[in-house]
$ cat upload.cif   # mmCIF, C-alpha atoms
data_data
#
loop_
_atom_site.label_atom_id
_atom_site.label_comp_id
_atom_site.auth_asym_id
_atom_site.auth_seq_id
_atom_site.Cartn_x
_atom_site.Cartn_y
_atom_site.Cartn_z
CA MET P 1 8.63 10.58 11.48
CA ILE P 2 7.43 13.29 9.12
CA LEU P 3 3.63 13.11 8.85
CA ASN P 4 1.82 14.58 5.82
CA ILE P 5 -1.97 14.61 6.12
CA ASN P 6 -4.12 15.50 3.11
CA THR P 7 -7.87 15.52 2.61
CA LYS P 8 -10.13 14.99 -0.39
CA ASN P 9 -13.88 15.66 -0.26
CA LEU P 10 -13.72 15.78 3.54
CA ASN P 11 -13.57 18.61 6.05
CA ALA P 12 -11.24 17.42 8.80
CA SER P 13 -11.34 18.99 12.25
CA GLU P 14 -8.29 20.00 14.25
CA ASN P 15 -9.23 17.23 16.69
CA LEU P 16 -8.98 14.67 13.88
CA TYR P 17 -5.54 15.96 12.87
CA ALA P 18 -4.41 15.76 16.50
CA THR P 19 -5.73 12.20 16.84
CA ILE P 20 -3.93 11.09 13.69
CA GLU P 21 -0.69 12.69 14.85
CA LYS P 22 -1.02 10.98 18.25
CA LYS P 23 -1.73 7.55 16.73
CA PHE P 24 1.10 7.80 14.20
CA GLU P 25 3.46 9.05 16.89
CA LYS P 26 3.24 5.55 18.38
CA LEU P 27 4.32 4.07 15.04
CA GLY P 28 7.03 6.71 14.76
CA LYS P 29 9.12 5.03 17.43
CA TYR P 30 9.78 2.22 14.95
CA PHE P 31 11.44 4.56 12.46
CA SER P 32 14.13 7.20 12.29
CA ASP P 33 13.01 10.83 12.32
CA ASP P 34 13.35 11.43 8.58
CA ILE P 35 10.94 8.66 7.49
CA GLU P 36 7.85 10.06 5.77
CA ALA P 37 4.28 8.91 6.39
CA LYS P 38 1.48 10.08 4.09
CA VAL P 39 -2.13 9.96 5.24
CA MET P 40 -5.03 10.67 2.88
CA LEU P 41 -8.49 11.27 4.31
CA SER P 42 -11.40 11.17 1.91
CA GLN P 43 -15.09 10.55 1.71
CA GLU P 44 -16.44 7.99 -0.76
CA ARG P 45 -20.03 6.80 -1.00
CA GLY P 46 -20.88 8.21 2.42
CA ARG P 47 -18.00 6.47 4.18
CA GLN P 48 -14.79 8.02 5.45
CA LYS P 49 -11.67 6.47 3.98
CA VAL P 50 -8.19 6.61 5.47
CA GLU P 51 -5.16 5.61 3.40
CA ALA P 52 -1.69 5.59 4.91
CA THR P 53 1.69 4.90 3.34
CA ILE P 54 5.01 4.83 5.19
CA ASN P 55 8.10 4.79 2.99
CA ALA P 56 10.93 3.51 5.17
CA ARG P 57 13.97 3.40 2.90
CA GLY P 58 13.10 0.49 0.68
CA PHE P 59 10.17 -0.82 2.71
CA ILE P 60 6.71 0.47 1.98
CA PHE P 61 4.00 -0.11 4.55
CA ARG P 62 0.49 0.66 3.32
CA ALA P 63 -3.00 0.29 4.72
CA GLU P 64 -6.43 1.65 3.91
CA GLU P 65 -9.77 1.40 5.62
CA ALA P 66 -13.23 2.83 5.00
CA GLU P 67 -15.67 3.19 7.90
CA ASN P 68 -18.72 5.22 8.82
CA ASP P 69 -16.63 6.90 11.52
CA VAL P 70 -13.29 8.34 10.44
CA TYR P 71 -11.79 7.79 13.91
CA ASP P 72 -12.54 4.05 13.64
CA ALA P 73 -10.88 4.02 10.22
CA VAL P 74 -7.77 5.69 11.66
CA ASP P 75 -7.59 3.11 14.45
CA ARG P 76 -7.91 0.21 12.01
CA VAL P 77 -5.25 1.64 9.68
CA VAL P 78 -2.78 2.03 12.56
CA GLU P 79 -3.55 -1.55 13.65
CA LYS P 80 -2.93 -2.85 10.12
CA LEU P 81 0.38 -0.99 9.80
CA SER P 82 1.54 -2.22 13.19
CA SER P 83 0.57 -5.78 12.27
CA GLN P 84 2.49 -5.55 8.98
CA MET P 85 5.59 -4.39 10.81
CA SER P 86 5.32 -7.22 13.32
CA ARG P 87 4.60 -9.93 10.73
CA PHE P 88 7.52 -9.04 8.49
CA LYS P 89 9.98 -8.00 11.21
CA ASP P 90 12.39 -10.91 10.62
CA LYS P 91 12.42 -10.52 6.85
CA ILE P 92 12.99 -6.78 7.11
CA GLN P 93 15.76 -7.34 9.64
CA LYS P 94 17.58 -9.68 7.24
CA LYS P 95 17.40 -7.13 4.42
CA ASN P 96 18.00 -4.05 6.57
CA LYS P 97 21.15 -5.33 8.37
CA GLY P 98 21.72 -2.41 10.72
CA GLY P 99 20.22 0.25 8.49
CA LYS P 100 19.01 3.37 10.19
CA GLY P 101 15.58 3.60 8.55
CA VAL P 102 13.73 1.03 10.61
CA ILE P 103 14.32 0.45 14.33
CA LEU P 104 13.22 -3.17 14.48
CA GLU P 105 14.05 -3.83 18.12
CA ALA P 106 11.07 -1.65 19.06
CA VAL P 107 8.66 -3.55 16.82
CA PRO P 108 6.72 -6.13 18.85
CA ASP P 109 6.99 -9.76 17.80
CA TYR P 110 4.10 -11.17 15.84
CA ALA P 111 1.78 -13.21 18.06
CA GLU P 112 0.78 -15.84 15.49
CA PRO P 113 3.27 -18.28 13.97
CA GLU P 114 4.96 -16.82 10.94
CA GLU P 115 3.72 -18.20 7.65
CA GLU P 116 6.39 -19.08 5.15
CA ILE P 117 6.01 -17.10 1.96
CA ALA P 118 6.33 -19.49 -0.95
CA VAL P 119 5.83 -19.27 -4.68
CA VAL P 120 3.41 -22.10 -5.50
CA LYS P 121 3.09 -21.59 -9.23
CA THR P 122 5.23 -20.06 -11.97
CA LYS P 123 4.04 -19.04 -15.41
CA LYS P 124 5.97 -17.81 -18.40
CA PHE P 125 4.40 -15.97 -21.29
CA GLN P 126 5.39 -13.84 -24.23
CA LEU P 127 4.91 -10.10 -23.75
CA GLU P 128 2.85 -8.76 -26.61
CA PRO P 129 3.22 -5.16 -27.75
CA MET P 130 -0.11 -3.35 -27.36
CA ASN P 131 -1.56 -0.13 -26.08
CA THR P 132 -3.27 0.31 -22.71
CA ASP P 133 -6.81 -0.05 -24.07
CA GLU P 134 -5.96 -3.34 -25.77
CA ALA P 135 -4.39 -4.61 -22.54
CA ILE P 136 -7.55 -3.77 -20.57
CA VAL P 137 -9.69 -5.64 -23.10
CA GLN P 138 -7.34 -8.64 -22.93
CA MET P 139 -7.45 -8.58 -19.10
CA GLU P 140 -11.26 -8.55 -19.15
CA LEU P 141 -11.39 -11.38 -21.70
CA LEU P 142 -9.16 -13.50 -19.47
CA GLN P 143 -11.25 -12.47 -16.44
CA HIS P 144 -8.12 -11.54 -14.49
CA ASN P 145 -7.71 -8.54 -12.21
CA PHE P 146 -4.33 -7.57 -13.74
CA PHE P 147 -2.48 -7.97 -17.03
CA ILE P 148 1.20 -7.53 -17.93
CA PHE P 149 2.05 -6.22 -21.39
CA MET P 150 4.68 -4.44 -23.47
CA ASN P 151 3.44 -0.90 -24.00
CA MET P 152 4.00 -0.17 -27.70
CA GLU P 153 3.87 3.60 -27.08
CA THR P 154 6.61 3.69 -24.43
CA ASP P 155 8.39 0.40 -25.23
CA THR P 156 8.32 -0.56 -21.53
CA VAL P 157 6.71 -3.33 -19.50
CA ASN P 158 3.42 -2.15 -17.95
CA VAL P 159 0.68 -3.65 -15.81
CA VAL P 160 -3.00 -2.74 -16.00
CA TYR P 161 -5.17 -3.70 -13.04
CA LYS P 162 -8.77 -3.49 -11.88
CA ARG P 163 -9.19 -1.18 -8.88
CA ASN P 164 -11.60 -1.76 -6.01
CA ASP P 165 -13.66 1.22 -7.18
CA GLY P 166 -14.28 -0.48 -10.57
CA ASN P 167 -11.86 1.72 -12.50
CA TYR P 168 -8.50 0.70 -13.95
CA GLY P 169 -4.96 1.47 -12.90
CA LEU P 170 -1.72 1.41 -14.86
CA LEU P 171 1.72 0.58 -13.46
CA GLU P 172 4.57 1.86 -15.62
CA THR P 173 8.13 0.64 -15.18
CA VAL P 174 11.13 2.96 -15.26
CA TYR P 175 14.75 1.94 -15.63
#

$ encode --input "upload.cif" --output "C-alpha coordinates"
Amino acid sequence: MILNINTKNLNASENLYATIEKKFEKLGKYFSDDIEAKVMLSQERGRQKVEATINARGFIFRAEEAENDVYDAVDRVVEKLSSQMSRFKDKIQKKNKGGKGVILEAVPDYAEPEEEIAVVKTKKFQLEPMNTDEAIVQMELLQHNFFIFMNMETDTVNVVYKRNDGNYGLLETVY
(Lines of atoms letter the chains of each structure in order from A and count residues from 1; the text may use other names and numbers.)
(Lines give C-alpha, C1' and ligand atoms only; values in the text may rest on other atoms or scores of the structure.)
Protein backbone atom coordinates (compact mmCIF):
# COMPACT_ATOMS: atom_id res chain seq x y z
CA MET A 1 0.00 0.00 0.00
CA ILE A 2 1.26 3.45 -0.93
CA LEU A 3 0.57 5.84 1.97
CA ASN A 4 0.37 9.61 1.38
CA ILE A 5 0.12 11.68 4.56
CA ASN A 6 -0.64 15.41 4.35
CA THR A 7 -1.24 18.00 7.04
CA LYS A 8 -3.26 21.20 7.20
CA ASN A 9 -3.01 23.63 10.13
CA LEU A 10 -1.22 20.98 12.17
CA ASN A 11 2.43 20.31 12.97
CA ALA A 12 2.81 16.55 12.93
CA SER A 13 5.72 14.87 14.70
CA GLU A 14 7.82 12.08 13.25
CA ASN A 15 6.32 9.83 15.93
CA LEU A 16 2.83 10.56 14.60
CA TYR A 17 3.90 9.73 11.03
CA ALA A 18 5.43 6.47 12.28
CA THR A 19 2.27 5.57 14.19
CA ILE A 20 0.09 6.20 11.15
CA GLU A 21 2.37 4.12 8.95
CA LYS A 22 2.29 1.28 11.49
CA LYS A 23 -1.51 1.35 11.83
CA PHE A 24 -2.09 1.49 8.08
CA GLU A 25 0.45 -1.26 7.52
CA LYS A 26 -2.04 -3.59 9.22
CA LEU A 27 -4.71 -2.53 6.71
CA GLY A 28 -2.19 -2.88 3.90
CA LYS A 29 -2.30 -6.67 4.10
CA TYR A 30 -5.83 -6.51 2.67
CA PHE A 31 -4.65 -4.83 -0.53
CA SER A 32 -2.08 -5.24 -3.26
CA ASP A 33 1.05 -3.10 -3.04
CA ASP A 34 -0.01 -0.49 -5.58
CA ILE A 35 -3.22 0.58 -3.77
CA GLU A 36 -3.05 4.19 -2.58
CA ALA A 37 -4.19 5.42 0.83
CA LYS A 38 -4.45 9.16 1.50
CA VAL A 39 -4.44 10.48 5.05
CA MET A 40 -5.14 14.13 5.86
CA LEU A 41 -4.35 15.47 9.32
CA SER A 42 -5.80 18.82 10.26
CA GLN A 43 -6.84 20.92 13.19
CA GLU A 44 -10.34 22.37 13.32
CA ARG A 45 -11.89 24.20 16.26
CA GLY A 46 -9.23 22.93 18.64
CA ARG A 47 -9.70 19.28 17.70
CA GLN A 48 -7.42 17.11 15.59
CA LYS A 49 -9.12 15.63 12.57
CA VAL A 50 -7.96 12.58 10.63
CA GLU A 51 -9.45 11.78 7.22
CA ALA A 52 -8.43 8.65 5.35
CA THR A 53 -9.38 7.43 1.89
CA ILE A 54 -8.28 4.14 0.33
CA ASN A 55 -8.95 3.79 -3.39
CA ALA A 56 -8.83 0.07 -4.13
CA ARG A 57 -9.61 -0.24 -7.84
CA GLY A 58 -13.27 0.63 -7.88
CA PHE A 59 -13.86 0.44 -4.14
CA ILE A 60 -13.40 3.55 -2.05
CA PHE A 61 -13.07 3.16 1.70
CA ARG A 62 -13.30 6.42 3.62
CA ALA A 63 -13.39 7.40 7.27
CA GLU A 64 -12.90 10.57 9.27
CA GLU A 65 -12.72 11.29 12.95
CA ALA A 66 -12.08 14.38 15.08
CA GLU A 67 -10.75 13.98 18.62
CA ASN A 68 -8.86 16.01 21.19
CA ASP A 69 -5.95 13.58 20.77
CA VAL A 70 -4.78 12.92 17.22
CA TYR A 71 -3.60 9.41 18.15
CA ASP A 72 -7.14 8.51 19.29
CA ALA A 73 -8.48 9.86 16.00
CA VAL A 74 -6.03 7.69 14.05
CA ASP A 75 -7.10 4.60 16.01
CA ARG A 76 -10.78 5.29 15.40
CA VAL A 77 -10.25 5.88 11.67
CA VAL A 78 -8.38 2.59 11.30
CA GLU A 79 -11.17 0.83 13.22
CA LYS A 80 -13.81 2.35 10.94
CA LEU A 81 -11.94 1.36 7.77
CA SER A 82 -11.43 -2.18 9.04
CA SER A 83 -15.11 -2.41 9.95
CA GLN A 84 -16.15 -1.21 6.49
CA MET A 85 -13.99 -3.85 4.86
CA SER A 86 -15.44 -6.58 7.06
CA ARG A 87 -19.06 -5.47 6.65
CA PHE A 88 -18.94 -5.31 2.87
CA LYS A 89 -16.56 -8.24 2.29
CA ASP A 90 -19.16 -10.47 0.59
CA LYS A 91 -20.46 -7.72 -1.69
CA ILE A 92 -16.95 -6.71 -2.70
CA GLN A 93 -16.04 -10.34 -3.33
CA LYS A 94 -18.99 -10.73 -5.72
CA LYS A 95 -17.97 -7.65 -7.69
CA ASN A 96 -14.22 -8.22 -7.50
CA LYS A 97 -14.23 -11.88 -8.72
CA GLY A 98 -10.54 -12.64 -8.37
CA GLY A 99 -9.30 -9.12 -8.97
CA LYS A 100 -5.90 -8.28 -7.62
CA GLY A 101 -6.78 -5.01 -5.90
CA VAL A 102 -8.37 -6.37 -2.74
CA ILE A 103 -7.19 -9.52 -0.95
CA LEU A 104 -10.47 -10.45 0.69
CA GLU A 105 -9.37 -13.72 2.26
CA ALA A 106 -7.33 -11.69 4.76
CA VAL A 107 -10.27 -9.48 5.74
CA PRO A 108 -11.89 -10.77 8.94
CA ASP A 109 -15.56 -11.70 8.81
CA TYR A 110 -17.98 -9.20 10.24
CA ALA A 111 -19.08 -10.17 13.74
CA GLU A 112 -22.66 -8.88 13.55
CA PRO A 113 -25.24 -10.32 11.15
CA GLU A 114 -25.09 -8.65 7.79
CA GLU A 115 -27.89 -6.21 7.13
CA GLU A 116 -29.49 -6.45 3.74
CA ILE A 117 -29.16 -3.22 1.82
CA ALA A 118 -32.54 -2.38 0.34
CA VAL A 119 -34.03 0.58 -1.46
CA VAL A 120 -37.17 1.43 0.52
CA LYS A 121 -38.38 4.39 -1.48
CA THR A 122 -37.99 5.63 -5.05
CA LYS A 123 -38.72 9.13 -6.29
CA LYS A 124 -38.72 10.53 -9.78
CA PHE A 125 -38.51 14.22 -10.55
CA GLN A 126 -37.80 16.52 -13.44
CA LEU A 127 -34.30 18.01 -13.49
CA GLU A 128 -34.58 21.75 -13.76
CA PRO A 129 -31.83 23.79 -15.40
CA MET A 130 -30.39 26.26 -12.87
CA ASN A 131 -27.11 27.57 -11.59
CA THR A 132 -25.42 26.45 -8.37
CA ASP A 133 -26.71 29.36 -6.27
CA GLU A 134 -30.31 28.67 -7.30
CA ALA A 135 -29.86 24.99 -6.45
CA ILE A 136 -28.58 25.87 -2.96
CA VAL A 137 -31.59 28.13 -2.37
CA GLN A 138 -33.94 25.38 -3.57
CA MET A 139 -32.22 22.83 -1.28
CA GLU A 140 -32.61 25.16 1.71
CA LEU A 141 -36.28 25.83 0.87
CA LEU A 142 -36.95 22.09 0.80
CA GLN A 143 -34.93 21.68 4.02
CA HIS A 144 -32.91 18.85 2.47
CA ASN A 145 -29.19 18.25 2.90
CA PHE A 146 -28.63 17.69 -0.85
CA PHE A 147 -30.24 18.68 -4.14
CA ILE A 148 -29.85 17.27 -7.67
CA PHE A 149 -30.11 19.68 -10.59
CA MET A 150 -29.16 20.27 -14.22
CA ASN A 151 -26.35 22.82 -14.21
CA MET A 152 -27.26 25.34 -16.94
CA GLU A 153 -23.65 26.53 -17.18
CA THR A 154 -22.11 23.10 -17.85
CA ASP A 155 -25.21 21.24 -19.10
CA THR A 156 -24.45 18.34 -16.72
CA VAL A 157 -26.20 16.77 -13.74
CA ASN A 158 -24.82 18.16 -10.46
CA VAL A 159 -25.51 17.71 -6.76
CA VAL A 160 -25.17 20.42 -4.13
CA TYR A 161 -24.96 19.30 -0.51
CA LYS A 162 -24.65 20.74 2.97
CA ARG A 163 -21.32 19.87 4.60
CA ASN A 164 -20.83 19.09 8.29
CA ASP A 165 -18.91 22.35 8.69
CA GLY A 166 -21.97 24.36 7.54
CA ASN A 167 -20.60 25.14 4.08
CA TYR A 168 -21.79 23.71 0.77
CA GLY A 169 -20.27 21.18 -1.58
CA LEU A 170 -20.83 20.57 -5.27
CA LEU A 171 -20.60 17.21 -7.04
CA GLU A 172 -20.10 17.51 -10.79
CA THR A 173 -20.61 14.58 -13.12
CA VAL A 174 -18.26 13.78 -16.00
CA TYR A 175 -18.95 11.45 -18.89

$ resolve_selection --input "upload.cif" --expression "the PyMOL selection byres ((chain P and resi 146) around 6)" --output "tab-separated table (two decimals) with C-alpha atoms, in the coordinates of the input"
chain	number	residue	atom	x	y	z
P	144	HIS	CA	-8.12	-11.54	-14.49
P	145	ASN	CA	-7.71	-8.54	-12.21
P	147	PHE	CA	-2.48	-7.97	-17.03
P	160	VAL	CA	-3.00	-2.74	-16.00
P	161	TYR	CA	-5.17	-3.70	-13.04

$ atom_distance --input "upload.cif" --atom1 "CA of Thr19 in chain P" --atom2 "CA of Ala52 in chain P"
14.2 Å

$ axis_aligned_box --input "upload.cif" --around "range 145-160 of chain P" --padding-each-side "5 Å" --output "AutoDock Vina command-line options"
--center_x 0.3 --center_y -2.4 --center_z -20.0 --size_x 26.1 --size_y 22.2 --size_z 25.5

$ atom_distance --input "upload.cif" --atom1 "CA of Val74 in chain P" --atom2 "CA of Leu16 in chain P"
9.3 Å

$ closest_residue --input "upload.cif" --among "P:Leu142, P:Asp69, P:Thr154, P:Leu3" --to "Ala18 in chain P" --atoms "only C-alpha atoms"
P:Leu3

$ resolve_selection --input "upload.cif" --expression "the PyMOL selection byres ((chain P and resi 75-81) around 10)" --output "ChimeraX atom specification"
/P:19-20,23-24,26-27,39,49-54,61-67,70-74,82-87

$ resolve_selection --input "upload.cif" --expression "the PyMOL selection byres ((chain P and resi 157) around 10)" --output "PDB file with C-alpha atoms, keeping the file's coordinate frame"
ATOM      1  CA  LEU P 127       4.910 -10.100 -23.750  1.00  0.00           C
ATOM      2  CA  GLU P 128       2.850  -8.760 -26.610  1.00  0.00           C
ATOM      3  CA  PRO P 129       3.220  -5.160 -27.750  1.00  0.00           C
ATOM      4  CA  ILE P 148       1.200  -7.530 -17.930  1.00  0.00           C
ATOM      5  CA  PHE P 149       2.050  -6.220 -21.390  1.00  0.00           C
ATOM      6  CA  MET P 150       4.680  -4.440 -23.470  1.00  0.00           C
ATOM      7  CA  ASN P 151       3.440  -0.900 -24.000  1.00  0.00           C
ATOM      8  CA  MET P 152       4.000  -0.170 -27.700  1.00  0.00           C
ATOM      9  CA  THR P 154       6.610   3.690 -24.430  1.00  0.00           C
ATOM     10  CA  ASP P 155       8.390   0.400 -25.230  1.00  0.00           C
ATOM     11  CA  THR P 156       8.320  -0.560 -21.530  1.00  0.00           C
ATOM     12  CA  ASN P 158       3.420  -2.150 -17.950  1.00  0.00           C
ATOM     13  CA  VAL P 159       0.680  -3.650 -15.810  1.00  0.00           C
ATOM     14  CA  LEU P 171       1.720   0.580 -13.460  1.00  0.00           C
ATOM     15  CA  GLU P 172       4.570   1.860 -15.620  1.00  0.00           C
ATOM     16  CA  THR P 173       8.130   0.640 -15.180  1.00  0.00           C
ATOM     17  CA  VAL P 174      11.130   2.960 -15.260  1.00  0.00           C
TER      18      VAL P 174
END

$ atom_distance --input "upload.cif" --atom1 "CA of Lys162 in chain P" --atom2 "CA of Val119 in chain P"
22.7 Å

$ residues_around --input "upload.cif" --residues "Asp34 in chain P" --least-positions-apart "3" --cutoff "9 Å" --atoms "only C-alpha atoms" --output "list in words"
Met1, Ile2, Phe31, Ala56 and Gly101 of chain P

$ closest_residue --input "upload.cif" --among "P:Ala12, P:Ile5, P:Ile136, P:Leu41" --to "Asn167 in chain P" --atoms "only C-alpha atoms"
P:Ile136

$ residues_around --input "upload.cif" --residues "Ser42 in chain P" --least-positions-apart "3" --cutoff "7 Å" --atoms "only C-alpha atoms" --output "PyMOL selection string"
chain P and resi 7-10+48-50

$ write_last_selection --input "upload.cif" --atoms "C-alpha atoms" --output "mmCIF file, keeping the file's coordinate frame"
data_model
loop_
_atom_site.group_PDB
_atom_site.id
_atom_site.type_symbol
_atom_site.label_atom_id
_atom_site.label_comp_id
_atom_site.auth_asym_id
_atom_site.auth_seq_id
_atom_site.Cartn_x
_atom_site.Cartn_y
_atom_site.Cartn_z
ATOM 1 C CA THR P 7 -7.870 15.520 2.610
ATOM 2 C CA LYS P 8 -10.130 14.990 -0.390
ATOM 3 C CA ASN P 9 -13.880 15.660 -0.260
ATOM 4 C CA LEU P 10 -13.720 15.780 3.540
ATOM 5 C CA GLN P 48 -14.790 8.020 5.450
ATOM 6 C CA LYS P 49 -11.670 6.470 3.980
ATOM 7 C CA VAL P 50 -8.190 6.610 5.470
#

$ closest_residue --input "upload.cif" --among "P:Glu44, P:Gly169, P:Gln138, P:Phe88" --to "Glu116 in chain P" --atoms "only C-alpha atoms"
P:Phe88

$ closest_residue --input "upload.cif" --among "P:Glu25, P:Glu153, P:Glu36, P:Asp133" --to "Asn4 in chain P" --atoms "all atoms listed in the file"
P:Glu36
